[in-house]
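S.K.: Sharing a structure here in structure tokens format.
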Amino acid sequence: MNNNGLSPIPPAEYEARARAVREGLAERKLDALLVSNGPNLRYLTGFTGDNANLLITEAAGALLVTDPRYRIQAAREVSCAVEIAEGPVVVEVGEAIRREGVTRIGFEPARITYEAYQGLVPRLPLHAEAVAVSGWIEGLRMVKSAAELALIRHAVGISSKAFEQVAAKMRAGMKESDLAAELEFRMRRLGAEKPSFETIVASGERSALPHAQPTAERLCEGALVVVDMGAFHQGYASDMTRTLFVGKPGPKVKRAYRAVLEAQLAAIDAVKAGRPTAAVDRAARRVLAGYGLERAFVHSTGHGLGLEIHEPPRLGRRDKKRLEAGMAVTIEPGVYLEGWGGIRIEDTVVVTKTGCEVLTPTSKELRVV
Ligand code: ZN
Ligand code: ZN
């Protein structure tokens, strides 16, 4: 919410998004799409509440159905038609479907619950068919508008500032869980709604777990510390990782850190509109192979982010998409050695025609605490 309680995305942008779906129904041989509550529904309407369905029909356009708790909120946030269901939302949706004479309705298999699906099917008109439609809205969401990029940029600013504030005070003896709590507190104080995922602070051998949870363990001399964090700002995510070292790093740490940093820079260099996402992943892997560390890199090089912390495109070995200007993606190679530790460096970047813009301003030199 901004000061007037409205989304910073202009209503015309939501209307254009919903119109694009409406106009895309025919080529998918659908006369309606049912969008389940969640990020796709927010993307198409601006609605931030729970318990809503969006029905987009060829004939009538977009209709948001929610319950009375959201009457005021929906009126403020949404410019499409709104219906308030007095009973279950699905009953109202079923009525709207029959009213519009829908015979082929798309639904989102990855978004709808089985219970909601079972509630929907018996309410469809006789001979009407429910068709699974995967990845359509996610595909539209990949390329961000200027307004969306401004929100992501702001979210990146929040997490980077919070990191600086906490990293400046990091010392041996502090608990991972206290540092994670401090990072999240700082992000909120800087205007974040919440962290964009559970903050990772993983030290010592646990830094070799790419998705470690913070523990009560204290930072100790000679430990690597992976800090992976992000903020949601007005619904849009940021994501960054920095690896720090407690004490004086030896040659093995310095060499592995250099390998990851070079891999990250090579991947950033490979980002450009038109390039296959797999080529970015390859650029990082090639550098790590030069250090004999390619087998220690156990995940893909990056992912899209926006209304969700992980969204298409994925930048992995087997991914087939091409980068487009306006995509916001992370670049985050890492190496993980069991019994030793892990190093990851992650920035959020925006793809441009000539390359990319790195949004994360935080230094990537090995930081010693
Ligand atoms: Zn991350
Ligand atoms: Zn990430």
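Residues in the structure tokens are named by chain (A, B, ... in the order shown) and by number from 1 within that chain; ligands are numbered from 1 in the order shown.
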Name each residue within 6 Å of ligand 1, counting only C-alpha atoms and all ligand atoms, as a PyMOL selection string.
M.R.: chain A and resi 228-229+239-241
S.K.: List the neighbours of A:Pro109 out to 12 Å using only C-alpha atoms; skip same-chain residues closer than 5 positions along the sequence, and give me the result as a list of chain:residue names.
M.R.: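 Final neighbour list, sorted by chain and number: A:Leu33, A:Leu34, A:Val35, A:Ser36, A:Tyr114, A:Glu115, A:Ala116, A:Tyr117, A:Ala130, A:Val131, A:Ala132, A:Val133, A:Ser134, A:Gly135, A:Trp136.
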S.K.: Just C-alpha atoms for this one: save the residues we selected as a PDB file, in the first residue's frame.
M.R.:
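File produced: again.pdb:
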```pdb
ATOM      1  CA  LEU A  33     -10.064 -18.872 -17.522  1.00  0.00           C
ATOM      2  CA  LEU A  34     -10.475 -19.345 -13.791  1.00  0.00           C
ATOM      3  CA  VAL A  35      -7.561 -17.800 -11.907  1.00  0.00           C
ATOM      4  CA  SER A  36      -7.109 -19.101  -8.371  1.00  0.00           C
ATOM      5  CA  TYR A 114      -7.886 -30.293  -5.058  1.00  0.00           C
ATOM      6  CA  GLU A 115     -10.746 -29.356  -2.748  1.00  0.00           C
ATOM      7  CA  ALA A 116     -11.545 -26.218  -4.752  1.00  0.00           C
ATOM      8  CA  TYR A 117     -11.356 -28.200  -7.990  1.00  0.00           C
ATOM      9  CA  ALA A 130     -12.522 -27.942 -17.298  1.00  0.00           C
ATOM     10  CA  VAL A 131      -9.121 -27.810 -19.018  1.00  0.00           C
ATOM     11  CA  ALA A 132      -5.768 -27.612 -17.221  1.00  0.00           C
ATOM     12  CA  VAL A 133      -3.814 -24.544 -18.373  1.00  0.00           C
ATOM     13  CA  SER A 134      -0.243 -24.384 -17.063  1.00  0.00           C
ATOM     14  CA  GLY A 135       2.177 -21.503 -17.054  1.00  0.00           C
ATOM     15  CA  TRP A 136       0.161 -19.021 -19.089  1.00  0.00           C
TER      16      TRP A 136
END
```
S.K.: Using only C-alpha atoms and all ligand atoms, what does the table of chain A residues within 9 Å of ligand 2 look like, with each row giving the shortest atom pair and its distance in Å to one decimal, sorted by chain and ascending number, as a Markdown table?
M.R.:
```
| residue | atom | partner | partner_atom_place_in_ligand_line | distance |
| --- | --- | --- | --- | --- |
| A:Asp228 | CA | ligand 2 | 1 (Zn) | 7.9 |
| A:Met229 | CA | ligand 2 | 1 (Zn) | 8.6 |
| A:Gly230 | CA | ligand 2 | 1 (Zn) | 8.7 |
| A:Ser238 | CA | ligand 2 | 1 (Zn) | 8.6 |
| A:Asp239 | CA | ligand 2 | 1 (Zn) | 5.5 |
| A:Met240 | CA | ligand 2 | 1 (Zn) | 6.7 |
| A:Thr241 | CA | ligand 2 | 1 (Zn) | 7.7 |
| A:Thr301 | CA | ligand 2 | 1 (Zn) | 8.8 |
| A:Gly302 | CA | ligand 2 | 1 (Zn) | 6.2 |
| A:His303 | CA | ligand 2 | 1 (Zn) | 6.4 |
| A:Gly304 | CA | ligand 2 | 1 (Zn) | 8.4 |
| A:Leu305 | CA | ligand 2 | 1 (Zn) | 8.2 |
| A:Ile309 | CA | ligand 2 | 1 (Zn) | 7.3 |
| A:His310 | CA | ligand 2 | 1 (Zn) | 7.2 |
| A:Val329 | CA | ligand 2 | 1 (Zn) | 8.5 |
| A:Thr330 | CA | ligand 2 | 1 (Zn) | 5.8 |
| A:Ile331 | CA | ligand 2 | 1 (Zn) | 7.5 |
| A:Glu332 | CA | ligand 2 | 1 (Zn) | 6.5 |
| A:Glu346 | CA | ligand 2 | 1 (Zn) | 6.8 |
| A:Asp347 | CA | ligand 2 | 1 (Zn) | 8.2 |
| A:Thr348 | CA | ligand 2 | 1 (Zn) | 8.3 |
```
S.K.: Quick one, how far is atom CA of A:Glu129 from atom CA of A:Glu92?
M.R.: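 Atom CA of A:Glu92 lies 18.0 Å from atom CA of A:Glu129.
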S.K.: What residues in stretch 49-276 of chain A get the DSSP label helix (DSSP H, G or I)? Please answer as JSON, numbers by chain.
M.R.: {"A": [68, 69, 70, 71, 72, 73, 74, 75, 76, 77, 89, 90, 91, 92, 93, 94, 95, 96, 97, 98, 99, 114, 115, 116, 117, 118, 119, 120, 121, 122, 123, 136, 137, 138, 139, 140, 141, 146, 147, 148, 149, 150, 151, 152, 153, 154, 155, 156, 157, 158, 159, 160, 161, 162, 163, 164, 165, 166, 167, 176, 177, 178, 179, 180, 181, 182, 183, 184, 185, 186, 187, 188, 189, 204, 205, 206, 207, 208, 251, 252, 253, 254, 255, 256, 257, 258, 259, 260, 261, 262, 263, 264, 265, 266, 267, 268, 269, 270]}
S.K.: Can you write just those residues out, C-alpha atoms, as a CSV table (one decimal), in the first residue's frame?
M.R.:
```csv
chain,number,residue,atom,x,y,z
A,68,PRO,CA,-17.7,-9.9,2.5
A,69,ARG,CA,-14.5,-9.5,4.5
A,70,TYR,CA,-12.9,-8.1,1.4
A,71,ARG,CA,-15.7,-5.8,0.2
A,72,ILE,CA,-13.9,-2.5,1.1
A,73,GLN,CA,-10.5,-3.8,0.1
A,74,ALA,CA,-11.6,-5.1,-3.3
A,75,ALA,CA,-13.4,-1.8,-4.0
A,76,ARG,CA,-10.2,0.1,-3.4
A,77,GLU,CA,-7.8,-2.2,-5.1
A,89,VAL,CA,-16.9,-18.2,-3.4
A,90,VAL,CA,-17.1,-21.3,-5.6
A,91,VAL,CA,-20.9,-21.2,-5.6
A,92,GLU,CA,-20.9,-17.7,-6.9
A,93,VAL,CA,-18.2,-18.6,-9.5
A,94,GLY,CA,-20.3,-21.5,-10.6
A,95,GLU,CA,-23.2,-19.2,-11.2
A,96,ALA,CA,-21.2,-16.7,-13.1
A,97,ILE,CA,-19.9,-19.6,-15.3
A,98,ARG,CA,-23.4,-20.8,-16.1
A,99,ARG,CA,-24.6,-17.2,-16.7
A,114,TYR,CA,-7.9,-30.3,-5.1
A,115,GLU,CA,-10.7,-29.4,-2.7
A,116,ALA,CA,-11.5,-26.2,-4.8
A,117,TYR,CA,-11.4,-28.2,-8.0
A,118,GLN,CA,-13.8,-30.8,-6.6
A,119,GLY,CA,-16.1,-28.0,-5.6
A,120,LEU,CA,-15.9,-26.4,-9.0
A,121,VAL,CA,-16.5,-29.4,-11.3
A,122,PRO,CA,-20.1,-30.3,-10.2
A,123,ARG,CA,-21.1,-26.6,-10.6
A,136,TRP,CA,0.2,-19.0,-19.1
A,137,ILE,CA,0.0,-16.2,-16.6
A,138,GLU,CA,3.5,-17.1,-15.2
A,139,GLY,CA,4.7,-16.5,-18.8
A,140,LEU,CA,3.1,-13.1,-19.0
A,141,ARG,CA,4.7,-12.2,-15.6
A,146,ALA,CA,8.6,-0.2,-15.6
A,147,ALA,CA,6.3,0.1,-12.5
A,148,GLU,CA,7.2,-3.5,-11.5
A,149,LEU,CA,10.9,-2.9,-12.0
A,150,ALA,CA,10.7,0.2,-9.8
A,151,LEU,CA,9.2,-1.9,-7.0
A,152,ILE,CA,11.8,-4.7,-7.4
A,153,ARG,CA,14.6,-2.0,-7.3
A,154,HIS,CA,13.1,-0.6,-4.1
A,155,ALA,CA,13.0,-4.1,-2.6
A,156,VAL,CA,16.6,-4.7,-3.5
A,157,GLY,CA,17.5,-1.4,-1.8
A,158,ILE,CA,15.8,-2.5,1.4
A,159,SER,CA,17.6,-5.8,1.6
A,160,SER,CA,21.0,-4.4,0.7
A,161,LYS,CA,20.7,-1.7,3.3
A,162,ALA,CA,19.6,-4.1,6.0
A,163,PHE,CA,22.5,-6.4,5.1
A,164,GLU,CA,25.0,-3.4,5.4
A,165,GLN,CA,23.6,-2.5,8.8
A,166,VAL,CA,23.8,-6.0,10.2
A,167,ALA,CA,27.1,-7.0,8.5
A,176,GLU,CA,22.9,-17.4,13.4
A,177,SER,CA,19.3,-17.2,14.5
A,178,ASP,CA,19.9,-13.8,16.2
A,179,LEU,CA,21.5,-12.5,13.0
A,180,ALA,CA,18.6,-13.7,10.9
A,181,ALA,CA,16.1,-12.1,13.3
A,182,GLU,CA,18.1,-8.8,13.1
A,183,LEU,CA,18.2,-8.9,9.3
A,184,GLU,CA,14.4,-9.4,9.2
A,185,PHE,CA,13.8,-6.6,11.7
A,186,ARG,CA,16.0,-4.2,9.8
A,187,MET,CA,14.2,-5.0,6.5
A,188,ARG,CA,10.8,-4.3,8.1
A,189,ARG,CA,12.1,-1.1,9.7
A,204,GLY,CA,30.8,-23.2,9.3
A,205,GLU,CA,30.0,-26.7,7.9
A,206,ARG,CA,26.3,-25.8,7.6
A,207,SER,CA,27.1,-23.2,4.9
A,208,ALA,CA,27.5,-26.2,2.7
A,251,PRO,CA,44.3,-19.9,0.7
A,252,LYS,CA,41.6,-22.6,0.2
A,253,VAL,CA,38.8,-20.1,1.2
A,254,LYS,CA,40.3,-17.3,-0.9
A,255,ARG,CA,40.6,-19.6,-4.0
A,256,ALA,CA,37.1,-20.9,-3.7
A,257,TYR,CA,35.7,-17.4,-3.1
A,258,ARG,CA,37.6,-16.2,-6.2
A,259,ALA,CA,36.1,-19.1,-8.2
A,260,VAL,CA,32.6,-18.2,-7.2
A,261,LEU,CA,33.0,-14.5,-7.8
A,262,GLU,CA,34.5,-15.1,-11.2
A,263,ALA,CA,31.7,-17.5,-12.1
A,264,GLN,CA,29.1,-15.0,-10.9
A,265,LEU,CA,30.7,-12.2,-13.0
A,266,ALA,CA,31.0,-14.4,-16.0
A,267,ALA,CA,27.3,-15.3,-15.7
A,268,ILE,CA,26.3,-11.6,-15.4
A,269,ASP,CA,28.4,-11.0,-18.5
A,270,ALA,CA,26.4,-13.7,-20.4
```
S.K.: DSSP on the backbone, then: every residue of stretch 147-212 of chain A marked strand (DSSP E or B), written as a PyMOL selection string.
M.R.: chain A and resi 175+194-195+200-203
S.K.: Mind checking which residues fall within 9 Å of A:Gly342, counting only C-alpha atoms, ignoring those fewer than 5 positions away in the same chain, and posting them as number ranges by chain?
M.R.: A: 202-210, 224-226, 243, 296, 334-337
S.K.: Closest to A:Val143 among A:Pro312, A:Pro125, A:Pro10, A:Gly274, using only C-alpha atoms?
M.R.: A:Pro312
S.K.: Hey, which of A:Ala231, A:Leu323, A:Ala216, A:Val65 ends up closest to A:Leu41? Count only C-alpha atoms.
M.R.: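 Ranking A:Ala231, A:Leu323, A:Ala216, A:Val65 by distance to A:Leu41, first place goes to A:Val65.
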S.K.: Taking into account only C-alpha atoms, which residue in the set A:Tyr43, A:Phe245, A:Tyr291, A:Tyr236 is nearest to A:Val21?
M.R.: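 Comparing A:Tyr43, A:Phe245, A:Tyr291, A:Tyr236 against A:Val21, the winner is A:Tyr43.
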